[in-house]
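Asks: Sharing a structure, written as structure tokens. Questions coming.
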Amino acid sequence: MAKDSLFRVPLLGPLIAHLGAFPIRRGAARPRVDGALRSRVAPGSPLVLFPEGTRKEGLAVAPLHDGAMFVAARTAPRLVPVGIGGSDRAMPKGAKLPRPLKITIVVGAPIDPPSSEGRVTRSALSAKSEELRAALEKVYLQSLRG
């Protein structure tokens with residue numbers, strides 16, 4: 001999944017589409033997101049999400065959008081937090097091309113999605129989003145030490 005505006009960027013748009021990404025409009029209604037997921041993601045297939053909604057800057061992971069947990073609750077995968085250290089220097093905001101610099105990737109322990117017998121509550125989504133935020137911050141800080 002990627003924000004729809006990325007698909008309008010020359011070279012990047014066709015590349016990420018070729019790699020299997022599909023556009024989602026930020027703030028789209030849940031039925032649209034559900035439909036996109038059902039039609040494009042096979043059960044058990046990996047799905048890459050960036051729950052902060054933007055590239056990382058600074059040392060703290062900002063509060064997350066609940067979208068990642070909403071998707072996880074719908075598709076029932078485990079979430080795997082990944083920290084990518086050095087990406088802000090390799091591809092700063094506004095840069096047209098990445099710089100050939102070292103980045104470090106740290107993969108954290110999987111997190112179970114929120115669950116319930118019926119519809120998952122907003123508070124359950126928010127609590128799990130905070131758990132994911134803390135896990136992301138941990139692996140991100142580890143990746144900076146890389």
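Here, A, B, ... name the chains of the structure tokens in the order displayed, residue numbers run from 1 inside each chain, and ligands are numbered from 1 in the same displayed order.
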Among chain A, which residues does DSSP mark as strand (DSSP E or B) when it is run on the backbone? Keep the chain and numbering as in the structure and answer as a ChimeraX atom specification.

Replies: /A:2-3,23-24,79,82-85,104-107,111

Asks: Excluding Leu37 in chain A and residues on its chain fewer than 6 positions from it, collect all residues at most 9 Å away from it, counting only C-alpha atoms, and give them as a PyMOL selection string.

Replies: chain A and resi 1+71+75

Asks: Need the shell around range 3-12 of chain A: protein/DNA/RNA residues with any atom at most 10 Å away, counting only C-alpha atoms. Skip same-chain ones fewer than 4 positions apart. Format as number ranges by chain?

Replies: A: 16-18, 21-26, 50, 53-54

Asks: I need the residues in range 3-108 of chain A that are helix (DSSP H, G or I) according to DSSP; give them as a VMD selection string.

Replies: chain A and resid 4 to 8 12 to 18 30 to 40 67 to 75 87 to 90

Asks: To one decimal place in Å, what is the distance between CA of Ala135 in chain A and CA of Pro92 in chain A?

Replies: 23.6 Å
